[in-house]
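Heads up, the thing below is written out as structure tokens.
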Amino acid sequence: MSALRSAQFVVALTGAGVSAESGVPTFRQAQTGLWAQFDPAELATPEAFARNPDRVWAWYAWRRSLVEQAEPNPAHRALAELARRLPRFTLITQNVDGLHQRAGSAEVIELHGSLQRYRCAICATPVAIPAEAHPPRSPVCVRCGGHIRPDVVWFGEPLPEAALSAAFDAARRAQVFLSIGTSGLVEPAASLARVSSRAGALVVHVNPEQPANMSAGDIYLCGRAGEILPIILARLAEVGQENAR
Ligand code: BJW
Ligand code: ZN
């Protein structure tokens, strides 16, 4: 806790587990994970979209409606509060659900895009699609006739350049790097904790299951993000009060 309190620069990277307590399914958990039910090769690759845009469109429409019914949980709120309390804090997420922003996090580096944004699969023109006017099939771009797709990052696609370089930059400069609710299996996001650790940060993993990207010297807090992050926040406030005395 004192490391967190004295750190000039804290970075948090979140994954699907941070939204699990909001009822949003993770990807790789046995039984409850999306990939236990659906084949990623048929839904989360550019090839799948080219083969069957309407199937991919319908799956993402379902995912969007799920997250829009969900509410941010204590983990999202604690991270928004950490940004207000710490002198320098960067929040990076792999999630596409927008729950950090809805919990009050003003600046979020989104590595894998957003379920609420769309663009043309060919010319990349952004297209606004309000939830209440969500068409049942993938619409066609007025500029080039390409299919409109969710603005998320599928397997085999590059991550948005600015987000990726901001994330690695933050990881290299962090003194404390919190890795929360991610299996640590998907690259390049999984490398952020390793890069941060090698650059000298104290890396803390918050997860009920040990993630795959732990390095020697990392701290592992075994438990749910919605329980552990409010405790971290409360301890931070106590340490602050003790120091003020
Ligand atoms: C809790 C909890 C609670 C539960 N509290 N915790 C190097 C080596 C090997 C492979 C590769 C490599 N480099 C690249 C690759 C290929 C690939 C990859 O990583 N594959 C691996 C799976 C093997 N990577 C890519 O293809 C990436 N692109 C790329 O590298 O491009 C290079 C390139 C450059 C130039 C030109 C062209 C290409 C892109 C990756 C895109 C990932 N996309 C997805 C879908 C996004 C859209 C959507 O939502 O549909 O992103 S896949 C999915 O995985 C999603 C997630 O953001 C991502 C990470 O998952 P996450 O968040 O970790 O979730 P889970 O389910 O895995 O884990 C949840 C965790 O929560 C668990 O640990 C639970 O225990 C925990 N949990 N309850 C706290 N209450
Ligand atoms: Zn287009």
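Naming scheme: A, B, ... for chains in displayed order of the structure tokens; residues 1 onward per chain; ligands 1 onward as shown.
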
Please extract the residues of segment 33-244 of chain A with a backbone DSSP assignment of strand (DSSP E or B) and present them as an mmCIF file with C-alpha atoms, in the first residue's frame.
```
data_model
loop_
_atom_site.group_PDB
_atom_site.id
_atom_site.type_symbol
_atom_site.label_atom_id
_atom_site.label_comp_id
_atom_site.auth_asym_id
_atom_site.auth_seq_id
_atom_site.Cartn_x
_atom_site.Cartn_y
_atom_site.Cartn_z
ATOM 1 C CA PHE A 89 -2.902 7.630 -13.011
ATOM 2 C CA THR A 90 -3.476 6.007 -16.405
ATOM 3 C CA LEU A 91 -6.308 3.582 -17.058
ATOM 4 C CA ILE A 92 -5.877 1.150 -19.940
ATOM 5 C CA THR A 93 -8.608 -1.318 -20.829
ATOM 6 C CA VAL A 108 -9.481 5.585 -20.763
ATOM 7 C CA ILE A 109 -7.052 4.071 -23.251
ATOM 8 C CA GLU A 110 -9.159 1.554 -25.174
ATOM 9 C CA GLY A 113 -12.027 -0.543 -29.463
ATOM 10 C CA SER A 114 -15.628 -0.114 -28.411
ATOM 11 C CA LEU A 115 -18.931 -1.899 -28.956
ATOM 12 C CA GLN A 116 -20.611 1.486 -29.304
ATOM 13 C CA ARG A 117 -18.536 2.683 -32.275
ATOM 14 C CA TYR A 118 -18.771 1.519 -35.887
ATOM 15 C CA ARG A 119 -16.797 2.041 -39.065
ATOM 16 C CA CYS A 120 -16.731 0.912 -42.648
ATOM 17 C CA PRO A 126 -16.820 6.166 -38.764
ATOM 18 C CA VAL A 127 -20.583 5.671 -38.609
ATOM 19 C CA VAL A 140 -23.613 -0.580 -46.197
ATOM 20 C CA HIS A 147 -20.059 -3.318 -44.877
ATOM 21 C CA ILE A 148 -20.244 -1.393 -41.605
ATOM 22 C CA ARG A 149 -18.583 -3.264 -38.716
ATOM 23 C CA PRO A 150 -18.172 -2.721 -34.985
ATOM 24 C CA ASP A 151 -15.024 -0.697 -34.238
ATOM 25 C CA VAL A 152 -13.389 -3.431 -32.184
ATOM 26 C CA VAL A 176 2.947 0.563 -9.773
ATOM 27 C CA PHE A 177 1.146 -1.417 -12.484
ATOM 28 C CA LEU A 178 -2.198 -2.984 -11.543
ATOM 29 C CA SER A 179 -3.351 -5.787 -13.861
ATOM 30 C CA ILE A 180 -6.995 -6.472 -13.085
ATOM 31 C CA LEU A 202 5.759 -3.185 -8.853
ATOM 32 C CA VAL A 203 3.179 -5.268 -10.744
ATOM 33 C CA VAL A 204 0.048 -6.316 -8.848
ATOM 34 C CA HIS A 205 -2.410 -8.812 -10.367
ATOM 35 C CA VAL A 206 -6.013 -8.838 -9.095
ATOM 36 C CA ASN A 207 -7.810 -11.978 -10.207
ATOM 37 C CA ILE A 219 2.264 -9.552 -6.367
ATOM 38 C CA TYR A 220 -0.838 -11.677 -6.815
ATOM 39 C CA LEU A 221 -4.027 -10.674 -4.968
ATOM 40 C CA CYS A 222 -6.385 -13.604 -5.352
#
```

Please produce, as a tab-separated table, a per-residue contact table for chain A versus ligand 1 (criterion: any atom at most 7 Å away, only C-alpha atoms and all ligand atoms considered), showing the nearest atom pair and its distance in Å to one decimal, sorted by chain then residue number.
```
residue	atom	partner	partner_atom_place_in_ligand_line	distance
A:Thr14	CA	ligand 1	62 (O)	6.9
A:Gly15	CA	ligand 1	62 (O)	3.3
A:Ala16	CA	ligand 1	62 (O)	3.8
A:Gly17	CA	ligand 1	71 (O)	3.2
A:Val18	CA	ligand 1	5 (N)	5.1
A:Ala20	CA	ligand 1	78 (N)	5.1
A:Glu21	CA	ligand 1	80 (N)	5.3
A:Thr26	CA	ligand 1	66 (O)	4.1
A:Phe27	CA	ligand 1	66 (O)	3.3
A:Arg28	CA	ligand 1	66 (O)	3.8
A:Gln29	CA	ligand 1	66 (O)	5.7
A:Gly33	CA	ligand 1	66 (O)	6.3
A:Ala44	CA	ligand 1	50 (O)	5.8
A:Gln94	CA	ligand 1	57 (O)	4.1
A:Asn95	CA	ligand 1	57 (O)	5.0
A:Val96	CA	ligand 1	49 (O)	5.6
A:His112	CA	ligand 1	46 (C)	5.5
A:Val152	CA	ligand 1	47 (C)	4.9
A:Val153	CA	ligand 1	41 (C)	4.9
A:Trp154	CA	ligand 1	43 (N)	4.5
A:Phe155	CA	ligand 1	26 (O)	3.5
A:Gly156	CA	ligand 1	26 (O)	3.6
A:Glu157	CA	ligand 1	38 (C)	4.3
A:Pro158	CA	ligand 1	31 (O)	3.9
A:Leu159	CA	ligand 1	28 (N)	6.1
A:Ile180	CA	ligand 1	79 (C)	6.0
A:Gly181	CA	ligand 1	6 (N)	3.3
A:Thr182	CA	ligand 1	63 (O)	3.4
A:Ser183	CA	ligand 1	73 (O)	3.4
A:Gly184	CA	ligand 1	63 (O)	5.4
A:Leu185	CA	ligand 1	22 (C)	5.6
A:Val186	CA	ligand 1	19 (O)	3.5
A:Glu187	CA	ligand 1	19 (O)	3.6
A:Pro188	CA	ligand 1	30 (O)	5.6
A:Val206	CA	ligand 1	79 (C)	6.0
A:Asn207	CA	ligand 1	6 (N)	4.0
A:Pro208	CA	ligand 1	75 (O)	5.2
A:Glu209	CA	ligand 1	75 (O)	4.4
A:Gln210	CA	ligand 1	73 (O)	6.8
A:Pro211	CA	ligand 1	73 (O)	5.5
A:Gly223	CA	ligand 1	5 (N)	6.4
A:Arg224	CA	ligand 1	5 (N)	3.5
A:Ala225	CA	ligand 1	5 (N)	3.8
A:Gly226	CA	ligand 1	80 (N)	6.2
```

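Every protein, DNA or RNA residue with an atom at most 8 Å from segment 54-70 of chain A, where only C-alpha atoms count and chain neighbours fewer than 2 positions away do not, is listed here: Ser22, Gly23, Val24, Glu42, Leu43, Ala44, Ala48, Phe49, Asn52, Pro72, Asp97, Leu99, Leu115, Gln116, Ala131, His134, Pro136, Arg137, Ser138, Arg149 and Pro150 of chain A.
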
Closest-contact table, chain A side, partner ligand 2, 7 Å, counting only C-alpha atoms and all ligand atoms, as CSV:
```
residue,atom,partner,partner_atom_place_in_ligand_line,distance
A:Cys120,CA,ligand 2,1 (Zn),4.6
A:Ala121,CA,ligand 2,1 (Zn),6.6
A:Ile122,CA,ligand 2,1 (Zn),5.1
A:Cys123,CA,ligand 2,1 (Zn),4.0
A:Ala124,CA,ligand 2,1 (Zn),6.0
A:Thr125,CA,ligand 2,1 (Zn),5.8
A:Cys141,CA,ligand 2,1 (Zn),4.6
A:Val142,CA,ligand 2,1 (Zn),6.7
A:Arg143,CA,ligand 2,1 (Zn),5.0
A:Cys144,CA,ligand 2,1 (Zn),4.1
A:Gly145,CA,ligand 2,1 (Zn),5.8
A:Gly146,CA,ligand 2,1 (Zn),4.9
```

Based on the selection just made, write N, CA, C and O atoms of those residues as a compact mmCIF listing (two decimals), in the first residue's frame.
```
# COMPACT_ATOMS: atom_id res chain seq x y z
N CYS A 120 -16.67 1.71 -41.43
CA CYS A 120 -16.73 0.91 -42.65
C CYS A 120 -15.54 -0.07 -42.65
O CYS A 120 -14.41 0.31 -42.34
N ALA A 121 -15.82 -1.31 -43.02
CA ALA A 121 -14.76 -2.32 -43.04
C ALA A 121 -13.76 -2.06 -44.17
O ALA A 121 -12.64 -2.57 -44.13
N ILE A 122 -14.15 -1.27 -45.16
CA ILE A 122 -13.26 -1.01 -46.30
C ILE A 122 -12.56 0.34 -46.16
O ILE A 122 -11.34 0.41 -46.17
N CYS A 123 -13.35 1.43 -46.07
CA CYS A 123 -12.71 2.77 -46.11
C CYS A 123 -12.55 3.37 -44.71
O CYS A 123 -12.02 4.47 -44.57
N ALA A 124 -13.01 2.67 -43.66
CA ALA A 124 -12.81 3.05 -42.25
C ALA A 124 -13.60 4.30 -41.82
O ALA A 124 -13.42 4.78 -40.71
N THR A 125 -14.50 4.80 -42.67
CA THR A 125 -15.31 5.96 -42.27
C THR A 125 -16.11 5.60 -41.01
O THR A 125 -16.80 4.58 -40.99
N CYS A 141 -21.85 1.07 -46.40
CA CYS A 141 -21.23 2.41 -46.36
C CYS A 141 -21.73 3.25 -47.54
O CYS A 141 -21.71 2.79 -48.68
N VAL A 142 -22.12 4.51 -47.24
CA VAL A 142 -22.62 5.38 -48.31
C VAL A 142 -21.47 5.84 -49.22
O VAL A 142 -21.69 6.22 -50.36
N ARG A 143 -20.25 5.79 -48.71
CA ARG A 143 -19.11 6.25 -49.52
C ARG A 143 -18.62 5.19 -50.49
O ARG A 143 -18.30 5.48 -51.63
N CYS A 144 -18.48 3.94 -49.97
CA CYS A 144 -17.78 2.96 -50.83
C CYS A 144 -18.55 1.64 -50.98
O CYS A 144 -18.09 0.77 -51.71
N GLY A 145 -19.67 1.50 -50.31
CA GLY A 145 -20.44 0.26 -50.47
C GLY A 145 -19.95 -0.89 -49.60
O GLY A 145 -20.50 -1.99 -49.64
N GLY A 146 -18.89 -0.65 -48.79
CA GLY A 146 -18.40 -1.71 -47.89
C GLY A 146 -19.38 -1.94 -46.73
O GLY A 146 -20.26 -1.11 -46.48
```

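For the pair atom CA of Pro53 of chain A and atom CA of Ala41 of chain A, the interatomic distance is 13.2 Å.
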
As an MDAnalysis selection string, which residues of segment 57-182 of chain A does DSSP assign to helix (DSSP H, G or I)?
chainID A and resid 57:69 74:85 99:102 131:133 161:173

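One distance worth recording is that between atom CA of Ser197 of chain A and atom CA of Gly98 of chain A, which is 27.5 Å.
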
Compare A:Ala83, A:Ala237, A:Ala128, A:Ala162 by their minimum atom-to-atom distance to Val11 of chain A, counting only C-alpha atoms, and give me the closest one.
A:Ala83

Close residues, Ala78 of chain A itself excluded, 10 Å, only C-alpha atoms, min 5 positions apart in chain, as a list in words
Asn73, Ala83, Arg84, His100, Ala103, Gly104, Ser105, Ala225, Gly226, Glu227, Ile228, Leu229, Pro230, Ile231, Ile232, Leu233 and Ala234 of chain A

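Taking atom CA of Ala75 of chain A as the reference point, atom CA of Glu132 of chain A is found at 28.3 Å.
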
Near Pro87 of chain A, counting only C-alpha atoms, which residues have an atom at most 10 Å away, once you skip same-chain residues fewer than 3 positions from it, shown as a list in words?
Arg5, Ser6, Ala7, Gln8, Phe9, Val10, Leu82, Ala83 and Arg84 of chain A

Output N, CA, C and O atoms for every residue in the selection just made, as a tab-separated table (two decimals), in the first residue's frame.
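selection31.tsv, freshly written:
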```tsv
chain	number	residue	atom	x	y	z
A	5	ARG	N	0.86	4.52	-2.41
A	5	ARG	CA	0.74	5.87	-1.88
A	5	ARG	C	1.90	6.77	-2.33
A	5	ARG	O	1.71	7.92	-2.66
A	6	SER	N	3.11	6.18	-2.37
A	6	SER	CA	4.26	7.03	-2.70
A	6	SER	C	4.53	7.06	-4.21
A	6	SER	O	5.36	7.84	-4.66
A	7	ALA	N	3.81	6.23	-4.97
A	7	ALA	CA	4.10	6.18	-6.41
A	7	ALA	C	3.69	7.49	-7.08
A	7	ALA	O	2.63	8.03	-6.81
A	8	GLN	N	4.56	7.96	-7.94
A	8	GLN	CA	4.25	9.18	-8.71
A	8	GLN	C	3.35	8.83	-9.89
A	8	GLN	O	2.60	9.65	-10.36
A	9	PHE	N	3.48	7.58	-10.34
A	9	PHE	CA	2.76	7.22	-11.56
A	9	PHE	C	2.22	5.79	-11.43
A	9	PHE	O	2.98	4.83	-11.31
A	10	VAL	N	0.90	5.68	-11.42
A	10	VAL	CA	0.24	4.38	-11.29
A	10	VAL	C	-0.53	4.10	-12.59
A	10	VAL	O	-1.17	4.99	-13.14
A	82	LEU	N	-9.66	6.26	-7.97
A	82	LEU	CA	-8.18	6.26	-7.92
A	82	LEU	C	-7.62	7.37	-8.81
A	82	LEU	O	-6.66	8.05	-8.45
A	83	ALA	N	-8.25	7.57	-9.98
A	83	ALA	CA	-7.78	8.63	-10.90
A	83	ALA	C	-7.91	10.00	-10.25
A	83	ALA	O	-7.09	10.88	-10.50
A	84	ARG	N	-8.93	10.15	-9.40
A	84	ARG	CA	-9.10	11.45	-8.73
A	84	ARG	C	-8.12	11.63	-7.58
A	84	ARG	O	-7.70	12.72	-7.26
```

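Counting only C-alpha atoms and comparing A:Arg172, A:Pro135, A:Leu192, A:His76, the residue that lies closest to Ser19 of chain A is A:His76.
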